[in-house]
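> This one is start-v2.cif, mmCIF, C-alpha atoms.
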```cif
data_target
#
loop_
_atom_site.label_atom_id
_atom_site.label_comp_id
_atom_site.auth_asym_id
_atom_site.auth_seq_id
_atom_site.Cartn_x
_atom_site.Cartn_y
_atom_site.Cartn_z
CA MET H 1 73.52 136.26 109.78
CA GLN H 2 73.24 138.62 106.83
CA PRO H 3 74.29 142.27 107.24
CA PRO H 4 71.45 144.76 107.69
CA VAL H 5 69.84 146.30 104.63
CA ARG H 6 71.04 149.82 103.93
CA TYR H 7 68.27 152.42 103.92
CA SER H 8 67.57 154.27 100.69
CA PRO H 9 64.33 155.81 99.39
CA ASP H 10 63.89 152.91 96.96
CA VAL H 11 63.14 150.45 99.79
CA GLU H 12 59.61 151.86 99.40
CA THR H 13 57.39 151.34 96.37
CA GLU H 14 54.21 153.39 96.11
CA GLY H 15 51.29 151.30 94.93
CA PRO H 16 48.58 152.22 92.44
CA ASP H 17 45.61 154.28 93.62
CA GLU H 18 47.19 155.10 97.00
CA GLY H 19 45.97 158.69 96.92
CA ARG H 20 42.33 157.69 96.47
CA VAL H 21 42.54 155.08 99.22
CA ILE H 22 44.05 157.62 101.62
CA ASP H 23 41.21 160.03 100.81
CA GLU H 24 38.69 157.29 101.69
CA LEU H 25 40.55 156.48 104.91
CA SER H 26 40.29 160.13 105.92
CA GLU H 27 36.58 160.19 105.08
CA THR H 28 35.91 157.00 107.07
CA LEU H 29 37.77 158.28 110.12
CA ARG H 30 35.97 161.62 109.84
CA ASP H 31 32.62 159.79 109.76
CA ILE H 32 33.57 157.96 112.98
CA MET H 33 34.57 161.23 114.66
CA GLU H 34 31.43 163.06 113.56
CA THR H 35 29.31 160.28 115.03
CA THR H 36 31.15 160.03 118.34
CA SER H 37 31.54 163.79 118.85
CA ARG H 38 27.80 164.21 118.28
CA ASP H 39 27.07 161.46 120.84
CA TYR H 40 29.57 162.63 123.48
CA GLY H 41 29.48 166.39 122.88
CA HIS H 42 33.27 166.07 122.82
CA ALA H 43 35.64 164.88 120.11
CA VAL H 44 37.77 161.82 120.81
CA ARG H 45 40.35 160.06 118.64
CA SER H 46 39.02 158.28 115.57
CA VAL H 47 40.99 155.19 116.63
CA HIS H 48 42.31 154.30 120.09
CA ALA H 49 39.81 156.69 121.62
CA LYS H 50 39.76 155.25 125.15
CA SER H 51 42.88 155.57 127.27
CA HIS H 52 43.53 152.94 129.94
CA GLY H 53 46.90 154.13 131.17
CA ILE H 54 48.68 157.51 131.21
CA LEU H 55 52.25 157.24 132.47
CA ARG H 56 55.33 159.42 132.75
CA GLY H 57 58.81 157.98 132.76
CA GLU H 58 62.26 158.14 131.26
CA LEU H 59 63.86 156.41 128.28
CA GLU H 60 67.46 155.35 128.92
CA ILE H 61 69.52 154.92 125.75
CA LEU H 62 72.06 152.17 126.48
CA PRO H 63 75.81 152.73 126.05
CA GLY H 64 78.10 150.54 123.96
CA LEU H 65 75.65 149.63 121.22
CA PRO H 66 77.12 148.23 117.98
CA ALA H 67 77.20 150.70 115.09
CA GLU H 68 74.27 149.10 113.24
CA LEU H 69 72.03 149.69 116.30
CA ALA H 70 73.49 153.03 117.48
CA GLN H 71 71.40 155.00 115.00
CA GLY H 72 69.05 157.98 115.22
CA ILE H 73 68.02 158.75 118.78
CA PHE H 74 69.92 155.64 119.89
CA ALA H 75 73.28 156.94 118.55
CA ARG H 76 74.35 158.36 121.92
CA PRO H 77 73.67 157.10 125.46
CA GLY H 78 71.52 159.36 127.59
CA ARG H 79 68.08 159.85 129.10
CA HIS H 80 64.92 161.44 127.74
CA GLY H 81 61.60 162.14 129.36
CA ALA H 82 58.80 159.92 128.08
CA ILE H 83 54.99 159.93 128.00
CA ILE H 84 53.11 156.66 127.56
CA ARG H 85 49.46 156.25 126.58
CA ILE H 86 47.87 152.78 126.77
CA SER H 87 44.62 152.33 124.84
CA THR H 88 42.38 150.01 122.85
CA ASN H 89 41.70 150.47 119.17
CA PRO H 90 38.01 151.42 118.61
CA GLY H 91 37.07 155.03 117.93
CA ASP H 92 34.31 155.06 120.55
CA LEU H 93 34.42 154.79 124.36
CA LEU H 94 33.27 151.26 125.11
CA HIS H 95 32.60 149.07 128.13
CA ASP H 96 35.82 147.18 128.82
CA SER H 97 34.10 143.81 128.43
CA ILE H 98 34.37 144.45 124.68
CA SER H 99 37.86 143.05 124.30
CA VAL H 100 40.00 144.36 121.47
CA PRO H 101 43.76 144.67 120.85
CA ARG H 102 45.86 146.85 123.15
CA GLY H 103 47.89 149.79 121.91
CA LEU H 104 50.77 151.70 123.49
CA ALA H 105 51.94 155.09 122.22
CA LEU H 106 55.35 156.34 123.34
CA LYS H 107 56.46 159.96 123.08
CA VAL H 108 60.20 160.48 123.65
CA ILE H 109 60.86 164.07 124.71
CA GLY H 110 63.65 166.31 123.43
CA VAL H 111 65.35 164.44 120.59
CA GLU H 112 67.87 165.96 118.20
CA GLY H 113 68.09 165.68 114.44
CA PRO H 114 66.47 166.94 111.22
CA ARG H 115 62.70 166.68 111.54
CA LEU H 116 60.26 164.89 109.30
CA GLU H 117 58.39 167.35 107.11
CA GLY H 118 55.51 168.86 109.10
CA ALA H 119 56.69 167.35 112.41
CA GLU H 120 56.34 169.94 115.16
CA GLY H 121 58.33 170.14 118.39
CA ARG H 122 61.42 168.12 119.29
CA ASN H 123 59.92 164.75 120.14
CA GLN H 124 59.83 161.25 118.66
CA ASP H 125 56.67 159.13 118.65
CA PHE H 126 56.53 155.34 118.30
CA ILE H 127 53.17 153.55 118.05
CA PHE H 128 52.91 149.94 119.27
CA VAL H 129 50.24 147.21 119.32
CA ASN H 130 50.27 143.93 121.25
CA GLY H 131 50.86 141.77 118.18
CA PRO H 132 53.83 141.49 115.82
CA VAL H 133 52.01 141.90 112.49
CA PHE H 134 49.53 144.42 111.11
CA THR H 135 45.98 143.32 110.31
CA ALA H 136 46.20 144.26 106.63
CA PRO H 137 48.85 143.78 103.93
CA ASP H 138 48.04 147.03 102.11
CA PRO H 139 46.03 150.28 102.41
CA GLN H 140 43.11 148.85 100.41
CA THR H 141 42.60 146.02 102.92
CA PHE H 142 43.21 148.45 105.80
CA LEU H 143 40.38 150.61 104.43
CA LYS H 144 38.08 147.59 104.12
CA ASN H 145 38.77 146.57 107.74
CA LEU H 146 38.32 150.14 108.97
CA LYS H 147 34.94 150.36 107.25
CA LEU H 148 33.90 147.16 109.08
CA LEU H 149 34.93 148.75 112.36
CA ALA H 150 33.20 152.01 111.46
CA ARG H 151 29.89 150.18 110.99
CA THR H 152 29.95 149.20 114.67
CA THR H 153 30.33 152.84 115.81
CA ASP H 154 27.23 154.19 117.57
CA ARG H 155 25.64 150.73 117.79
CA ALA H 156 24.01 149.51 121.01
CA GLU H 157 26.73 148.69 123.52
CA TRP H 158 24.92 145.62 124.85
CA ALA H 159 25.04 144.18 121.32
CA LYS H 160 28.77 144.91 121.04
CA ARG H 161 29.40 143.15 124.35
CA GLY H 162 27.54 140.08 123.13
CA LEU H 163 29.37 140.16 119.81
CA SER H 164 32.71 140.44 121.60
CA ALA H 165 31.99 137.30 123.61
CA VAL H 166 31.00 135.41 120.47
CA LEU H 167 34.10 136.58 118.61
CA ARG H 168 36.38 135.60 121.51
CA GLY H 169 34.92 132.12 121.26
CA ALA H 170 35.42 132.07 117.50
CA GLU H 171 39.00 133.26 117.87
CA GLY H 172 39.61 130.49 120.40
CA ILE H 173 38.45 127.93 117.83
CA VAL H 174 40.71 129.44 115.17
CA GLU H 175 43.70 129.41 117.52
CA ALA H 176 42.98 125.83 118.58
CA ALA H 177 43.27 124.92 114.91
CA GLY H 178 46.72 126.49 114.80
CA GLY H 179 45.96 129.96 113.45
CA GLU H 180 44.59 133.35 114.35
CA SER H 181 42.29 135.91 112.74
CA ALA H 182 43.34 139.55 112.77
CA THR H 183 39.84 140.56 111.70
CA LEU H 184 38.18 138.72 114.58
CA LYS H 185 40.59 140.30 117.05
CA THR H 186 40.07 143.79 115.64
CA LEU H 187 36.27 143.46 115.89
CA GLY H 188 36.27 142.22 119.48
CA GLY H 189 37.72 138.72 119.56
CA ALA H 190 41.00 139.53 121.30
CA PRO H 191 41.60 138.09 124.79
CA ASN H 192 40.89 140.66 127.52
CA VAL H 193 44.49 140.64 128.72
CA HIS H 194 46.21 142.96 131.19
CA PRO H 195 47.99 145.63 129.10
CA LEU H 196 50.93 145.92 131.52
CA GLY H 197 51.93 142.31 130.85
CA GLU H 198 51.88 142.53 127.06
CA THR H 199 54.75 142.80 124.59
CA TYR H 200 54.13 145.53 122.01
CA PHE H 201 55.34 145.89 118.42
CA THR H 202 55.40 148.72 115.89
CA GLN H 203 54.18 146.15 113.31
CA THR H 204 55.25 148.53 110.54
CA PRO H 205 58.91 149.37 109.77
CA TYR H 206 60.80 152.58 110.37
CA ARG H 207 64.03 153.91 109.02
CA HIS H 208 66.76 153.22 111.57
CA GLY H 209 69.39 155.74 110.53
CA ASP H 210 71.46 153.92 107.92
CA HIS H 211 69.19 150.86 108.14
CA VAL H 212 65.55 149.69 108.37
CA ALA H 213 63.94 148.22 111.48
CA LYS H 214 60.87 147.37 113.49
CA LEU H 215 60.70 148.10 117.23
CA SER H 216 59.20 146.35 120.23
CA LEU H 217 58.52 147.09 123.91
CA GLN H 218 58.93 144.04 126.14
CA PRO H 219 58.08 143.89 129.88
CA ALA H 220 61.33 143.49 131.83
CA SER H 221 60.55 144.12 135.52
CA ALA H 222 58.69 141.65 137.73
CA SER H 223 56.07 144.36 138.32
CA LEU H 224 55.10 143.89 134.64
CA THR H 225 55.93 140.28 133.79
CA ARG H 226 53.68 139.02 136.60
CA HIS H 227 50.73 140.30 134.53
CA SER H 228 51.68 138.45 131.31
CA GLY H 229 48.69 136.44 130.11
CA GLN H 230 46.51 137.72 132.96
CA VAL H 231 42.87 138.27 132.00
CA ILE H 232 41.05 141.22 133.58
CA ASP H 233 37.63 140.55 135.09
CA THR H 234 35.35 143.22 133.60
CA ARG H 235 32.03 142.03 135.03
CA GLY H 236 30.11 145.07 136.23
CA ARG H 237 33.16 147.29 135.62
CA PRO H 238 32.91 149.42 132.47
CA ASP H 239 36.35 150.94 133.14
CA ALA H 240 38.00 147.83 134.55
CA ILE H 241 41.20 148.16 132.51
CA ARG H 242 42.06 151.69 133.62
CA GLU H 243 41.09 150.86 137.22
CA THR H 244 43.43 147.86 137.12
CA VAL H 245 46.30 149.77 135.51
CA ALA H 246 45.82 152.68 137.93
CA ALA H 247 46.11 150.34 140.92
CA ASP H 248 48.83 147.99 139.65
CA MET H 249 51.19 150.78 138.60
CA GLN H 250 51.27 151.92 142.23
CA THR H 251 52.78 148.63 143.45
CA GLY H 252 56.31 149.16 142.10
CA ASP H 253 58.57 150.71 139.48
CA ALA H 254 58.19 149.34 135.95
CA VAL H 255 60.81 148.70 133.27
CA TRP H 256 60.32 147.81 129.61
CA ASN H 257 63.07 146.84 127.15
CA LEU H 258 62.89 148.85 123.93
CA ARG H 259 64.17 146.51 121.24
CA VAL H 260 65.13 146.87 117.57
CA GLN H 261 64.84 144.21 114.84
CA LEU H 262 66.95 145.09 111.81
CA CYS H 263 65.82 144.23 108.30
CA ARG H 264 68.38 141.88 106.73
CA ASP H 265 66.49 140.62 103.66
CA LEU H 266 63.86 142.70 101.85
CA ASP H 267 62.25 139.59 100.36
CA ARG H 268 61.82 137.78 103.69
CA GLN H 269 61.28 141.02 105.64
CA PRO H 270 59.25 143.21 103.29
CA VAL H 271 58.77 146.93 103.92
CA GLU H 272 55.51 147.29 102.01
CA ASP H 273 53.56 144.36 103.55
CA PRO H 274 53.37 144.63 107.37
CA SER H 275 51.19 141.51 107.60
CA VAL H 276 54.34 139.41 106.98
CA LEU H 277 56.11 138.33 110.18
CA TRP H 278 59.80 139.20 110.32
CA ASP H 279 61.20 135.92 111.62
CA GLU H 280 63.42 136.40 114.65
CA ALA H 281 65.51 133.44 113.45
CA ASP H 282 66.63 135.70 110.58
CA SER H 283 67.03 138.82 112.73
CA PRO H 284 66.37 138.82 116.48
CA PHE H 285 65.13 141.78 118.49
CA VAL H 286 68.01 143.42 120.41
CA THR H 287 67.56 145.79 123.37
CA VAL H 288 68.80 149.34 122.67
CA ALA H 289 67.07 151.27 125.48
CA ARG H 290 65.09 150.79 128.68
CA LEU H 291 61.88 152.58 129.51
CA HIS H 292 61.74 153.33 133.24
CA VAL H 293 58.41 154.30 134.81
CA PRO H 294 58.40 154.96 138.57
CA ALA H 295 55.50 153.73 140.67
CA GLN H 296 52.56 156.08 140.13
CA THR H 297 48.82 156.04 139.72
CA GLY H 298 48.53 154.53 136.27
CA TRP H 299 45.50 156.54 135.14
CA THR H 300 43.87 159.69 136.49
CA GLU H 301 41.25 161.99 135.01
CA GLU H 302 43.67 164.92 135.18
CA ALA H 303 46.44 163.10 133.32
CA ALA H 304 43.97 161.73 130.77
CA GLU H 305 42.53 165.17 130.09
CA LEU H 306 46.01 166.55 129.48
CA VAL H 307 47.16 163.74 127.18
CA ASP H 308 43.88 162.75 125.53
CA ASP H 309 42.77 166.29 124.71
CA HIS H 310 46.00 168.25 124.31
CA MET H 311 48.42 165.78 122.66
CA ARG H 312 48.64 163.82 119.45
CA PHE H 313 50.63 160.66 118.82
CA SER H 314 51.64 159.96 115.25
CA VAL H 315 54.24 157.86 113.49
CA TRP H 316 54.95 161.06 111.54
CA THR H 317 56.07 163.00 114.63
CA GLY H 318 59.82 162.53 114.76
CA ILE H 319 63.14 162.84 113.01
CA GLN H 320 64.23 161.80 109.52
CA ASP H 321 66.38 158.98 110.95
CA HIS H 322 63.19 157.26 112.13
CA ARG H 323 61.02 157.95 109.12
CA PRO H 324 58.02 155.57 109.05
CA LEU H 325 58.17 153.30 106.00
CA GLY H 326 55.73 151.38 103.85
CA ALA H 327 52.24 151.91 102.44
CA ILE H 328 50.37 151.61 105.75
CA ASN H 329 52.52 154.33 107.29
CA ARG H 330 52.11 156.55 104.23
CA ALA H 331 48.35 155.97 104.51
CA ARG H 332 48.35 157.04 108.17
CA ARG H 333 49.88 160.44 107.62
CA ARG H 334 47.00 162.57 106.32
CA PRO H 335 44.17 160.83 108.26
CA TYR H 336 46.04 161.13 111.58
CA ARG H 337 46.57 164.85 111.01
CA MET H 338 42.90 165.24 110.08
CA SER H 339 41.89 163.45 113.31
CA ALA H 340 44.00 165.74 115.49
CA ASP H 341 42.79 168.86 113.68
CA PHE H 342 39.16 167.73 114.08
CA ARG H 343 39.61 167.25 117.85
CA GLN H 344 41.35 170.60 118.20
CA ARG H 345 38.63 172.43 116.29
CA PHE H 346 35.62 170.68 117.86
CA ASN H 347 36.89 170.85 121.44
CA GLY H 348 38.44 174.29 121.20
CA CYS H 349 41.58 172.85 122.83
CA PRO H 350 45.01 173.51 121.34
CA ILE H 351 47.07 170.40 120.66
CA ASP H 352 50.75 170.98 121.36
CA GLU H 353 53.97 169.03 121.60
CA PRO H 354 55.40 168.88 125.14
CA ILE H 355 58.84 170.39 125.66
CA PRO H 356 61.73 169.08 127.77
CA THR H 357 61.35 169.90 131.47
CA ALA H 358 64.56 171.93 131.53
CA GLU H 359 63.09 174.25 128.90
CA ALA H 360 59.61 174.50 130.38
CA GLY H 361 60.34 177.69 132.28
CA THR H 362 62.13 179.47 129.46
#
```
With the file now loaded, output its structure as structure tokens.


Amino acid sequence: MQPPVRYSPDVETEGPDEGRVIDELSETLRDIMETTSRDYGHAVRSVHAKSHGILRGELEILPGLPAELAQGIFARPGRHGAIIRISTNPGDLLHDSISVPRGLALKVIGVEGPRLEGAEGRNQDFIFVNGPVFTAPDPQTFLKNLKLLARTTDRAEWAKRGLSAVLRGAEGIVEAAGGESATLKTLGGAPNVHPLGETYFTQTPYRHGDHVAKLSLQPASASLTRHSGQVIDTRGRPDAIRETVAADMQTGDAVWNLRVQLCRDLDRQPVEDPSVLWDEADSPFVTVARLHVPAQTGWTEEAAELVDDHMRFSVWTGIQDHRPLGAINRARRRPYRMSADFRQRFNGCPIDEPIPTAEAGT
């Protein structure tokens, strides 16, 4: 196996017209938020608006990691508080029969190290989706896909539910032929799977201290793996996913493996094109930490109000050793900040970074 690629700023290459594309991404997301906030009388996220699980737990950094993995927040064994938000990707609050990809945002509390420019607090965010590759190879295609999604905002929900069923059928045909369509899944063709049984991926790369890596969260405990591949029955249940997560998280403690996949060849594992799968035969995922979540009600209105209204999750919240890399991550920076600022202004609710429990009373 080749040694891991050493991080340096030149692993990234800024493409032409990136600034204009980022401006259009911000405008498209703002259009979504203006529509939904007008409809709801309350501003929600421009993507991943609907939460299905709000969990509190602890991230255990494992001891004895090899030097190439013991980087950044994983350099020293220890435990950190963690907040988890499970969601789906549209920017409006939909009936759960409209099946779309699952997302999981992880906030690790109280990390040390020089911060990314503009990153508030002392926390590290990682953003995961239940698929190993991103839907677009570059910001231009990302913008095109987002505009497709934006056109469905504020449309009749009964039509979206019908479209979702049709797209699931179309995706099944594509998969039967040996492929899959990221566009179909984004628009409502993803299987309506149980989010607790899914494996999640950052899809885009991050700096990993001296190296470059992608990360993944994999179910490890039987309380999670028993849900792998399970389809949730949403008939007559607009909030079936959160109801299911709320109930199933009460049945036992949950453990995920947090894994790192090091980049070992920039040609086979490109930084700038997250639609390319990093083959595990070239570089396998290796567990560096475990995410422990004790049995709890997996979603409550009180927890959702706190996290959905008063917190942001962004790949740009963190330390320099985990700097998000590549064009898609660069394109996320300004629009994500705009989205959080819009919610804060419209709702009149401050958005703050949580602090470690030991410091909460100081």

> For the structure shown, which residues end up in the PyMOL selection byres ((chain H and resi 249) around 6)? Put them as an NGL selection string, please?

:H and (245-248 or 250-251 or 295-298)

> To test your reading of the syntax: which residues would the PyMOL selection byres ((chain H and resi 136) around 9) return for the file shown? Reply as a PDB file with C-alpha atoms, in the coordinates of the input.


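Written output follows (part-v5.pdb):
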```pdb
ATOM      1  CA  VAL H 133      52.010 141.900 112.490  1.00  0.00           C
ATOM      2  CA  PHE H 134      49.530 144.420 111.110  1.00  0.00           C
ATOM      3  CA  THR H 135      45.980 143.320 110.310  1.00  0.00           C
ATOM      4  CA  PRO H 137      48.850 143.780 103.930  1.00  0.00           C
ATOM      5  CA  ASP H 138      48.040 147.030 102.110  1.00  0.00           C
ATOM      6  CA  PRO H 139      46.030 150.280 102.410  1.00  0.00           C
ATOM      7  CA  GLN H 140      43.110 148.850 100.410  1.00  0.00           C
ATOM      8  CA  THR H 141      42.600 146.020 102.920  1.00  0.00           C
ATOM      9  CA  PHE H 142      43.210 148.450 105.800  1.00  0.00           C
ATOM     10  CA  LEU H 143      40.380 150.610 104.430  1.00  0.00           C
ATOM     11  CA  ASN H 145      38.770 146.570 107.740  1.00  0.00           C
ATOM     12  CA  ALA H 182      43.340 139.550 112.770  1.00  0.00           C
ATOM     13  CA  THR H 183      39.840 140.560 111.700  1.00  0.00           C
ATOM     14  CA  ASP H 273      53.560 144.360 103.550  1.00  0.00           C
ATOM     15  CA  PRO H 274      53.370 144.630 107.370  1.00  0.00           C
ATOM     16  CA  SER H 275      51.190 141.510 107.600  1.00  0.00           C
ATOM     17  CA  ILE H 328      50.370 151.610 105.750  1.00  0.00           C
TER      18      ILE H 328
END
```

> Quick one: which residues end up in the PyMOL selection byres ((chain H and resi 115) around 9) for this structure, as a PDB file with C-alpha atoms, in the frame of the given file?


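Printed below is out-v9.pdb as written:
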```
ATOM      1  CA  GLU H 112      67.870 165.960 118.200  1.00  0.00           C
ATOM      2  CA  GLY H 113      68.090 165.680 114.440  1.00  0.00           C
ATOM      3  CA  PRO H 114      66.470 166.940 111.220  1.00  0.00           C
ATOM      4  CA  LEU H 116      60.260 164.890 109.300  1.00  0.00           C
ATOM      5  CA  GLU H 117      58.390 167.350 107.110  1.00  0.00           C
ATOM      6  CA  GLY H 118      55.510 168.860 109.100  1.00  0.00           C
ATOM      7  CA  ALA H 119      56.690 167.350 112.410  1.00  0.00           C
ATOM      8  CA  GLU H 120      56.340 169.940 115.160  1.00  0.00           C
ATOM      9  CA  GLY H 121      58.330 170.140 118.390  1.00  0.00           C
ATOM     10  CA  ARG H 122      61.420 168.120 119.290  1.00  0.00           C
ATOM     11  CA  THR H 317      56.070 163.000 114.630  1.00  0.00           C
ATOM     12  CA  GLY H 318      59.820 162.530 114.760  1.00  0.00           C
ATOM     13  CA  ILE H 319      63.140 162.840 113.010  1.00  0.00           C
ATOM     14  CA  GLN H 320      64.230 161.800 109.520  1.00  0.00           C
ATOM     15  CA  ASP H 321      66.380 158.980 110.950  1.00  0.00           C
TER      16      ASP H 321
END
```

> State, in Å with one decimal place, the distance from CA of Ile355 in chain H to CA of Asp309 in chain H.

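For CA of Ile355 in chain H relative to CA of Asp309 in chain H, the distance reads 16.6 Å.
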
> Counting only C-alpha atoms, which of H:Gly53, H:Gly103, H:Gly209, H:Pro324 gets nearest to Glu305 in chain H?

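Ranked by minimum distance to Glu305 in chain H, first place goes to H:Gly53.
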
> Excluding Glu243 in chain H and residues on its chain fewer than 4 positions from it, collect all residues at most 8 Å away from it, counting only C-alpha atoms, and give them as a VMD selection string.

chain H and resid 52 239 247 299

> What does the distance from CA of Gly131 in chain H to CA of Leu277 in chain H come to in Å, to one decimal?

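Interatomic distance, CA of Gly131 in chain H to CA of Leu277 in chain H: 10.2 Å.
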